[in-house]
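S.K.: Coordinates in work.txt, compact mmCIF, C-alpha atoms, are listed below.
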```txt
# COMPACT_ATOMS: atom_id res chain seq x y z
CA MET A 1 18.37 -70.98 -5.90
CA PHE A 2 18.66 -67.19 -6.10
CA ASN A 3 15.40 -65.60 -7.26
CA THR A 4 15.89 -63.42 -10.34
CA ASP A 5 12.21 -62.66 -11.02
CA HIS A 6 12.64 -58.98 -10.12
CA LEU A 7 15.41 -58.64 -12.69
CA GLN A 8 13.27 -60.23 -15.40
CA GLU A 9 10.33 -57.99 -14.50
CA ALA A 10 12.46 -54.85 -14.78
CA LEU A 11 13.70 -55.90 -18.23
CA GLN A 12 10.19 -56.79 -19.40
CA LYS A 13 8.92 -53.40 -18.28
CA ARG A 14 11.62 -51.68 -20.32
CA GLN A 15 10.75 -53.80 -23.33
CA GLN A 16 7.07 -52.90 -23.00
CA ASN A 17 7.98 -49.21 -22.81
CA GLY A 18 10.12 -49.50 -25.92
CA ASN A 19 13.39 -48.48 -24.22
CA LEU A 20 15.16 -51.81 -23.65
CA ARG A 21 18.88 -51.45 -24.33
CA SER A 22 20.91 -54.11 -26.11
CA LEU A 23 24.39 -54.37 -27.58
CA LYS A 24 24.69 -54.23 -31.36
CA SER A 25 27.59 -54.63 -33.71
CA ARG A 26 28.79 -51.44 -35.40
CA GLN A 27 26.31 -50.87 -38.20
CA LYS A 28 26.92 -49.87 -41.78
CA GLY A 29 25.71 -46.44 -42.81
CA ILE A 30 26.60 -42.78 -42.85
CA ASP A 31 27.88 -41.78 -39.42
CA PHE A 32 25.74 -39.13 -37.78
CA TYR A 33 25.81 -40.67 -34.30
CA SER A 34 29.39 -41.11 -33.10
CA ASN A 35 31.45 -38.65 -31.02
CA ASP A 36 34.27 -38.73 -33.60
CA TYR A 37 33.72 -35.03 -34.34
CA LEU A 38 37.03 -34.42 -36.16
CA GLY A 39 37.39 -37.86 -37.73
CA LEU A 40 40.61 -38.80 -35.94
CA ALA A 41 39.34 -42.27 -34.99
CA GLY A 42 39.54 -43.33 -38.63
CA ASP A 43 42.17 -40.92 -39.92
CA LYS A 44 44.79 -42.93 -41.84
CA ASP A 45 47.53 -40.32 -41.32
CA PHE A 46 46.96 -40.34 -37.56
CA GLN A 47 46.87 -44.14 -37.52
CA ASN A 48 50.13 -44.29 -39.46
CA GLU A 49 51.78 -41.97 -36.94
CA LEU A 50 50.73 -44.26 -34.10
CA LEU A 51 51.82 -47.35 -36.01
CA LYS A 52 55.22 -45.80 -36.72
CA ALA A 53 55.69 -45.01 -33.01
CA VAL A 54 54.90 -48.62 -32.08
CA MET A 55 57.20 -50.03 -34.74
CA GLU A 56 60.01 -47.88 -33.38
CA ASN A 57 59.23 -48.82 -29.78
CA PRO A 58 57.22 -52.06 -29.38
CA GLU A 59 57.54 -51.71 -25.58
CA LEU A 60 54.63 -49.25 -25.82
CA LEU A 61 52.32 -52.26 -26.16
CA LYS A 62 53.54 -53.88 -22.95
CA GLY A 63 50.95 -54.12 -20.19
CA SER A 64 51.36 -51.72 -17.28
CA THR A 65 51.38 -54.63 -14.77
CA GLY A 66 49.65 -52.76 -11.95
CA SER A 67 48.21 -49.54 -10.57
CA ARG A 68 50.29 -46.40 -10.91
CA LEU A 69 51.07 -46.47 -7.19
CA ILE A 70 52.62 -49.92 -7.47
CA SER A 71 54.21 -50.94 -10.80
CA GLY A 72 52.09 -49.11 -13.37
CA ASN A 73 53.76 -45.69 -13.40
CA SER A 74 56.13 -44.88 -16.25
CA PRO A 75 58.13 -42.03 -17.79
CA ALA A 76 55.63 -42.02 -20.69
CA VAL A 77 52.61 -41.22 -18.51
CA GLU A 78 54.49 -38.62 -16.47
CA GLU A 79 55.82 -36.92 -19.60
CA THR A 80 52.34 -36.88 -21.12
CA GLU A 81 50.83 -35.38 -17.96
CA ALA A 82 53.46 -32.64 -17.89
CA PHE A 83 52.86 -31.96 -21.58
CA ILE A 84 49.07 -31.74 -21.13
CA ALA A 85 49.33 -29.43 -18.11
CA LYS A 86 51.59 -27.07 -20.06
CA GLU A 87 49.36 -27.12 -23.15
CA HIS A 88 46.27 -26.25 -21.10
CA GLN A 89 48.08 -23.76 -18.83
CA TYR A 90 47.35 -25.68 -15.63
CA GLY A 91 49.71 -26.51 -12.79
CA SER A 92 49.13 -30.27 -13.07
CA ALA A 93 47.34 -32.99 -15.00
CA LEU A 94 46.34 -36.47 -13.85
CA LEU A 95 45.50 -39.11 -16.47
CA PHE A 96 42.71 -41.69 -16.20
CA PRO A 97 41.57 -44.58 -18.41
CA SER A 98 38.22 -42.85 -19.15
CA GLY A 99 36.18 -39.73 -18.50
CA TYR A 100 33.78 -41.72 -16.34
CA ASN A 101 36.71 -42.84 -14.20
CA ALA A 102 38.02 -39.28 -13.94
CA ASN A 103 34.68 -37.89 -12.76
CA LEU A 104 34.25 -40.80 -10.37
CA ALA A 105 37.63 -39.98 -8.82
CA LEU A 106 36.99 -36.23 -8.52
CA PHE A 107 33.53 -36.29 -7.03
CA SER A 108 34.00 -39.31 -4.78
CA ALA A 109 37.25 -37.98 -3.26
CA LEU A 110 37.07 -34.18 -3.06
CA PRO A 111 33.66 -33.61 -1.40
CA THR A 112 32.83 -35.11 1.98
CA ARG A 113 29.45 -35.85 3.53
CA HIS A 114 29.65 -32.43 5.22
CA ASP A 115 29.94 -30.61 1.87
CA THR A 116 27.53 -29.69 -0.93
CA VAL A 117 27.79 -30.30 -4.67
CA VAL A 118 25.49 -28.17 -6.83
CA VAL A 119 25.15 -29.74 -10.27
CA ASP A 120 23.48 -28.70 -13.49
CA GLU A 121 20.45 -30.95 -13.85
CA GLN A 122 21.90 -32.31 -17.11
CA ILE A 123 25.35 -33.13 -15.77
CA HIS A 124 26.82 -36.47 -16.81
CA ARG A 125 25.64 -39.57 -14.95
CA SER A 126 29.19 -40.25 -13.73
CA VAL A 127 28.99 -37.18 -11.47
CA HIS A 128 25.78 -38.43 -9.85
CA ASP A 129 27.28 -41.88 -9.32
CA ALA A 130 30.41 -40.37 -7.75
CA CYS A 131 28.36 -38.20 -5.38
CA LYS A 132 26.67 -41.33 -4.06
CA LEU A 133 30.09 -42.72 -3.18
CA SER A 134 31.09 -39.62 -1.24
CA ASN A 135 27.70 -39.25 0.51
CA VAL A 136 27.89 -35.53 -0.24
CA LYS A 137 24.73 -33.42 -0.24
CA ARG A 138 23.82 -33.07 -3.93
CA LEU A 139 21.55 -30.32 -5.23
CA LYS A 140 20.46 -29.66 -8.83
CA PHE A 141 20.01 -26.28 -10.49
CA ARG A 142 17.93 -25.75 -13.61
CA HIS A 143 19.88 -26.38 -16.79
CA ASN A 144 22.16 -23.43 -17.67
CA ASP A 145 20.12 -21.17 -15.34
CA CYS A 146 22.57 -18.86 -13.57
CA HIS A 147 19.84 -17.26 -11.44
CA ASP A 148 18.79 -20.65 -10.10
CA LEU A 149 22.42 -21.58 -9.40
CA GLU A 150 22.92 -18.38 -7.41
CA ARG A 151 19.63 -18.89 -5.55
CA ILE A 152 20.83 -22.30 -4.37
CA LEU A 153 24.37 -21.20 -3.48
CA LYS A 154 23.02 -18.32 -1.37
CA ARG A 155 21.39 -20.80 0.98
CA GLN A 156 24.41 -23.02 1.52
CA THR A 157 26.94 -23.02 4.33
CA GLY A 158 30.28 -24.78 4.44
CA THR A 159 32.27 -26.07 1.48
CA CYS A 160 30.49 -26.05 -1.88
CA TYR A 161 31.37 -27.37 -5.31
CA VAL A 162 29.65 -26.56 -8.61
CA ALA A 163 29.67 -29.08 -11.47
CA VAL A 164 28.86 -28.23 -15.08
CA GLU A 165 29.67 -29.33 -18.61
CA SER A 166 30.84 -26.79 -21.16
CA LEU A 167 28.97 -28.49 -24.04
CA TYR A 168 26.08 -30.76 -23.11
CA SER A 169 25.52 -33.97 -25.01
CA MET A 170 21.77 -34.25 -24.44
CA ASP A 171 20.71 -30.74 -25.58
CA GLY A 172 23.79 -29.86 -27.63
CA ASP A 173 23.96 -26.48 -25.93
CA ILE A 174 26.80 -24.51 -24.36
CA ALA A 175 27.03 -23.43 -20.72
CA PRO A 176 27.37 -19.72 -19.87
CA LEU A 177 30.76 -20.47 -18.35
CA GLN A 178 31.90 -16.91 -17.70
CA GLU A 179 28.76 -16.14 -15.71
CA ILE A 180 28.98 -19.42 -13.81
CA VAL A 181 32.62 -18.76 -12.91
CA ALA A 182 31.68 -15.33 -11.50
CA ILE A 183 28.85 -16.82 -9.42
CA ALA A 184 31.06 -19.62 -8.07
CA GLU A 185 33.68 -17.06 -7.06
CA ARG A 186 31.07 -14.88 -5.36
CA TYR A 187 30.16 -17.76 -3.05
CA SER A 188 33.66 -19.29 -2.75
CA ALA A 189 32.53 -22.49 -4.48
CA GLY A 190 34.96 -24.76 -6.30
CA LEU A 191 33.94 -25.02 -9.97
CA ILE A 192 34.57 -28.25 -11.91
CA VAL A 193 34.01 -28.21 -15.68
CA ASP A 194 33.60 -31.31 -17.85
CA GLU A 195 34.86 -30.51 -21.37
CA ALA A 196 34.33 -33.98 -22.85
CA HIS A 197 32.35 -32.76 -25.87
CA ALA A 198 34.01 -29.35 -26.25
CA PHE A 199 37.65 -30.41 -26.44
CA GLY A 200 38.84 -30.45 -30.06
CA VAL A 201 35.58 -28.97 -31.32
CA PHE A 202 36.46 -25.62 -29.72
CA GLY A 203 40.24 -25.85 -29.61
CA TYR A 204 41.37 -26.98 -26.17
CA GLY A 205 37.86 -26.36 -24.79
CA LEU A 206 35.92 -23.36 -23.54
CA VAL A 207 37.86 -22.96 -20.30
CA ASP A 208 40.94 -22.43 -22.45
CA ARG A 209 39.10 -20.23 -24.96
CA TYR A 210 37.97 -17.85 -22.22
CA GLN A 211 41.24 -18.22 -20.27
CA LEU A 212 39.48 -19.32 -17.08
CA GLN A 213 42.15 -21.79 -15.93
CA HIS A 214 43.03 -19.87 -12.76
CA ARG A 215 39.36 -19.44 -11.84
CA VAL A 216 38.30 -23.08 -12.27
CA LEU A 217 39.21 -25.67 -9.63
CA ALA A 218 39.43 -28.55 -12.10
CA THR A 219 38.66 -29.31 -15.74
CA VAL A 220 38.04 -32.77 -17.17
CA ILE A 221 39.26 -33.39 -20.73
CA THR A 222 38.44 -36.67 -22.48
CA TYR A 223 40.20 -38.18 -25.48
CA GLY A 224 37.66 -40.71 -26.74
CA LYS A 225 35.63 -38.15 -28.66
CA ALA A 226 37.24 -35.46 -30.85
CA MET A 227 40.71 -36.98 -30.46
CA GLY A 228 39.49 -40.44 -31.46
CA THR A 229 41.51 -42.39 -28.91
CA HIS A 230 40.70 -43.04 -25.22
CA GLY A 231 41.37 -41.85 -21.68
CA ALA A 232 40.90 -38.58 -19.83
CA ALA A 233 42.81 -35.96 -17.88
CA VAL A 234 41.92 -33.97 -14.79
CA LEU A 235 43.53 -30.54 -15.11
CA THR A 236 44.06 -28.83 -11.78
CA ASN A 237 46.73 -27.56 -9.37
CA LYS A 238 49.46 -29.61 -7.70
CA LEU A 239 47.59 -29.77 -4.38
CA ILE A 240 44.42 -31.27 -5.87
CA LYS A 241 46.45 -33.73 -7.94
CA SER A 242 48.33 -34.92 -4.86
CA TYR A 243 45.03 -35.24 -2.96
CA LEU A 244 43.52 -37.39 -5.73
CA VAL A 245 46.60 -39.62 -5.88
CA ASN A 246 46.23 -40.19 -2.12
CA PHE A 247 42.46 -40.37 -1.65
CA ALA A 248 40.70 -41.13 -4.97
CA SER A 249 39.87 -44.84 -4.97
CA PRO A 250 39.17 -45.00 -8.75
CA PHE A 251 42.77 -43.86 -9.29
CA ILE A 252 44.44 -45.80 -6.49
CA TYR A 253 42.87 -49.18 -7.24
CA THR A 254 42.77 -49.14 -11.06
CA THR A 255 45.43 -50.92 -13.11
CA ALA A 256 47.13 -48.29 -15.26
CA ALA A 257 46.71 -48.31 -19.03
CA HIS A 258 49.70 -49.30 -21.14
CA ASP A 259 52.04 -46.65 -22.52
CA PHE A 260 50.49 -46.89 -25.98
CA LEU A 261 47.47 -44.95 -24.70
CA TRP A 262 49.55 -42.16 -23.19
CA MET A 263 51.63 -41.95 -26.37
CA SER A 264 48.53 -41.79 -28.57
CA ILE A 265 47.14 -38.90 -26.51
CA LYS A 266 50.35 -36.91 -26.87
CA LYS A 267 50.49 -37.67 -30.60
CA GLY A 268 46.86 -36.60 -30.84
CA TYR A 269 47.67 -33.15 -29.52
CA HIS A 270 50.41 -32.75 -32.12
CA PHE A 271 48.08 -33.99 -34.85
CA LEU A 272 45.41 -31.44 -33.90
CA LYS A 273 48.00 -28.67 -33.96
CA ASN A 274 49.06 -29.69 -37.47
CA HIS A 275 45.48 -29.97 -38.76
CA LYS A 276 43.82 -26.79 -37.55
CA GLU A 277 41.48 -26.90 -40.53
CA LEU A 278 39.45 -29.75 -38.99
CA PRO A 279 37.35 -27.65 -36.55
CA ASP A 280 36.67 -25.18 -39.40
CA LEU A 281 35.50 -28.03 -41.64
CA LEU A 282 33.22 -29.17 -38.82
CA GLN A 283 31.70 -25.70 -38.51
CA GLN A 284 30.96 -25.74 -42.25
CA LYS A 285 28.92 -28.94 -41.82
CA ILE A 286 27.12 -27.43 -38.83
CA LYS A 287 26.14 -24.38 -40.90
CA ILE A 288 24.79 -26.55 -43.75
CA PHE A 289 22.65 -28.49 -41.27
CA ARG A 290 21.54 -25.35 -39.43
CA ASP A 291 20.47 -23.66 -42.68
CA GLN A 292 18.11 -26.57 -43.37
CA LEU A 293 16.71 -27.27 -39.92
CA PRO A 294 16.09 -24.92 -36.98
CA ALA A 295 18.53 -25.11 -34.08
CA GLY A 296 15.97 -26.40 -31.59
CA LEU A 297 17.76 -27.00 -28.29
CA SER A 298 21.25 -26.89 -29.80
CA SER A 299 23.62 -23.95 -29.59
CA HIS A 300 24.54 -22.14 -32.81
CA ASP A 301 27.96 -23.76 -33.35
CA SER A 302 27.41 -27.10 -31.61
CA PRO A 303 28.12 -30.32 -33.54
CA ILE A 304 25.37 -32.01 -31.51
CA ARG A 305 22.03 -31.23 -33.14
CA VAL A 306 18.97 -32.23 -31.15
CA LEU A 307 15.41 -32.71 -32.43
CA VAL A 308 12.83 -33.29 -29.70
CA VAL A 309 10.39 -36.00 -30.77
CA PRO A 310 8.05 -36.65 -27.81
CA ASP A 311 6.92 -40.28 -27.48
CA ASN A 312 9.30 -43.22 -27.56
CA ASN A 313 7.41 -45.04 -30.32
CA ARG A 314 7.38 -42.07 -32.71
CA LEU A 315 11.05 -41.46 -32.04
CA LYS A 316 11.91 -45.10 -32.72
CA THR A 317 9.98 -44.90 -36.00
CA LEU A 318 11.98 -41.84 -37.09
CA ASN A 319 15.29 -43.42 -36.12
CA ASP A 320 14.42 -46.63 -38.01
CA TYR A 321 13.28 -44.58 -41.03
CA LEU A 322 16.64 -42.80 -41.14
CA PHE A 323 18.49 -46.11 -40.83
CA LYS A 324 16.57 -47.52 -43.81
CA ASN A 325 17.74 -44.46 -45.75
CA GLY A 326 21.36 -45.19 -44.83
CA PHE A 327 21.81 -42.76 -41.92
CA LEU A 328 23.08 -43.71 -38.46
CA THR A 329 21.58 -41.46 -35.78
CA TYR A 330 20.94 -41.96 -32.08
CA ALA A 331 17.54 -41.91 -30.42
CA VAL A 332 17.51 -40.94 -26.74
CA PHE A 333 14.46 -42.43 -25.05
CA SER A 334 12.99 -41.77 -21.63
CA PRO A 335 13.99 -42.49 -18.87
CA THR A 336 17.48 -41.43 -20.09
CA VAL A 337 15.77 -38.05 -20.62
CA LYS A 338 12.54 -36.84 -19.07
CA GLU A 339 9.32 -38.26 -20.49
CA GLY A 340 8.03 -35.90 -23.15
CA THR A 341 11.52 -34.69 -24.08
CA GLU A 342 12.64 -37.76 -26.03
CA ARG A 343 14.95 -36.69 -28.79
CA LEU A 344 16.93 -37.60 -31.88
CA ARG A 345 20.60 -36.82 -31.34
CA ILE A 346 22.58 -36.07 -34.48
CA CYS A 347 26.35 -35.65 -34.36
CA LEU A 348 28.04 -33.83 -37.21
CA HIS A 349 31.65 -34.47 -38.20
CA SER A 350 34.33 -32.78 -40.25
CA PHE A 351 34.33 -35.80 -42.59
CA ASN A 352 30.60 -35.77 -43.41
CA ALA A 353 30.00 -34.97 -47.09
CA ASP A 354 27.96 -31.84 -47.74
CA ASP A 355 25.48 -33.81 -49.85
CA ASP A 356 25.02 -36.35 -47.05
CA VAL A 357 24.16 -33.58 -44.59
CA LEU A 358 21.63 -32.14 -47.06
CA ARG A 359 20.09 -35.58 -47.71
CA LEU A 360 19.84 -36.25 -43.96
CA THR A 361 17.95 -33.00 -43.34
CA ALA A 362 15.68 -33.67 -46.32
CA VAL A 363 14.71 -37.12 -45.00
CA ILE A 364 14.01 -35.67 -41.54
CA LYS A 365 11.79 -32.96 -43.03
CA GLU A 366 9.91 -35.61 -45.00
CA PHE A 367 9.14 -37.48 -41.78
CA LEU A 368 8.28 -34.42 -39.69
```
Can the structure in the file be given as structure tokens, please?

M.R.:
Amino acid sequence: MFNTDHLQEALQKRQQNGNLRSLKSRQKGIDFYSNDYLGLAGDKDFQNELLKAVMENPELLKGSTGSRLISGNSPAVEETEAFIAKEHQYGSALLFPSGYNANLALFSALPTRHDTVVVDEQIHRSVHDACKLSNVKRLKFRHNDCHDLERILKRQTGTCYVAVESLYSMDGDIAPLQEIVAIAERYSAGLIVDEAHAFGVFGYGLVDRYQLQHRVLATVITYGKAMGTHGAAVLTNKLIKSYLVNFASPFIYTTAAHDFLWMSIKKGYHFLKNHKELPDLLQQKIKIFRDQLPAGLSSHDSPIRVLVVPDNNRLKTLNDYLFKNGFLTYAVFSPTVKEGTERLRICLHSFNADDDVLRLTAVIKEFL
């Protein structure tokens, strides 16, 4: 019989350290933990638009039947990709079932074992996992530290890539994108920007806001957060898209999503265009929170507010205390973050009531 003692020991160690993960049903309470920044996941008007589209064309619910290179391609996905590329002012877009899948495709296919990927030390785990698949040399630079990035790039030879997020989910802070772009250009490095948490919150993201499309090799946009649906797009040029279609295993060997997903993404863009007040409403909630509690690690206009509470046990006590008071927040324990930097992660949304934001901050101040 296969010996599973080492698996049990690893789980027991996590339980002893107070950071054992487990699946829970969606809890009842006031949402201050989801990535539904603009409330589209539960927006009845948006849902009715999707329902109407399905009623008019039930074929949208049909399974794709295979990968996009076999039987899973469709006019719907191609039209949506063309639409997204035009909206973001890129030459091409390639859709994926998730942001994790998109990053896995990019960083496992583009770099080779002879290349170097320089990543912000807080980059998403999917990038690290992808780099293992490509056997590329991976180096970390200090979080949002442009001097450290340049120091590392100076020492490299051959092909280099730089990977950053525009808005980081663990600290809730924004990358100095314009400076990073200039440094990447100085050393002929290909810059890849993950906009998972910035899209929708800051329009089409910070690459679009600063009009950096022609200076960034690829941008990853995800639709499971501010748009409230699912999937992701890699925005790039036609050459890189063709290369991914030919060499990215996560794209080649994944069964395509059904057309309902691609339709919902396109509808989501139109919905955001017709409800431009939502990001402004979100900023109002951020200001209310910020006026009551100091920013800490979070950037001024970030919907992700982070309170560092060192020690897993103390953090768990705070998170449980908030839950008893009706608030759903998310505690990030070590080893997900470095020991001593454990934190409470609070996500603000356009739909949060002003009084709820004030009550949340009051309860936190009571505890602290």

S.K.: Select, from A:Lys266, A:Lys140, A:Lys365, A:His275, the residue with the minimum atom-to-atom distance to Tyr161 of chain A, counting all atoms listed in the file.

M.R.: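 Going through A:Lys266, A:Lys140, A:Lys365, A:His275 one by one, the smallest distance to Tyr161 of chain A is for A:Lys140.
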
S.K.: Between A:Ile304, A:Leu348, A:Leu368, A:Leu239, which has the minimum distance to Thr317 of chain A (counting only C-alpha atoms)?

M.R.: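 When distances to Thr317 of chain A are compared using only C-alpha atoms, the smallest one comes from A:Leu368.
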
S.K.: Using all atoms listed in the file, which of the listed residues (A:Leu278, A:Leu69, A:Ile286, A:Val216) sits closest to Ser188 of chain A?

M.R.: A:Val216

S.K.: Choose the residue, out of A:Gly231, A:Asp173, A:Asn103, A:Ala218, that has the smallest atom-to-atom separation from His300 of chain A; count only C-alpha atoms.

M.R.: A:Asp173

S.K.: Considering only C-alpha atoms, tabulate each residue of segment 182-258 of chain A that lies at most 12 Å from segment 20-34 of chain A along with its nearest interatomic pair and the corresponding distance in Å to one decimal; arrange the rows by chain and ascending residue number and present them as a Markdown table.

M.R.:
```
| residue | atom | partner | partner_atom | distance |
| --- | --- | --- | --- | --- |
| A:His197 | CA | A:Ser34 | CA | 11.4 |
| A:Gly224 | CA | A:Ser34 | CA | 10.4 |
| A:Lys225 | CA | A:Ser34 | CA | 8.2 |
| A:Ala226 | CA | A:Ser34 | CA | 9.9 |
| A:Gly228 | CA | A:Ser34 | CA | 10.3 |
```

S.K.: Any chance you could export the current selection's C-alpha atoms as a CSV table (one decimal), in the coordinates of the input?

M.R.:
```csv
chain,number,residue,atom,x,y,z
A,197,HIS,CA,32.4,-32.8,-25.9
A,224,GLY,CA,37.7,-40.7,-26.7
A,225,LYS,CA,35.6,-38.2,-28.7
A,226,ALA,CA,37.2,-35.5,-30.8
A,228,GLY,CA,39.5,-40.4,-31.5
```
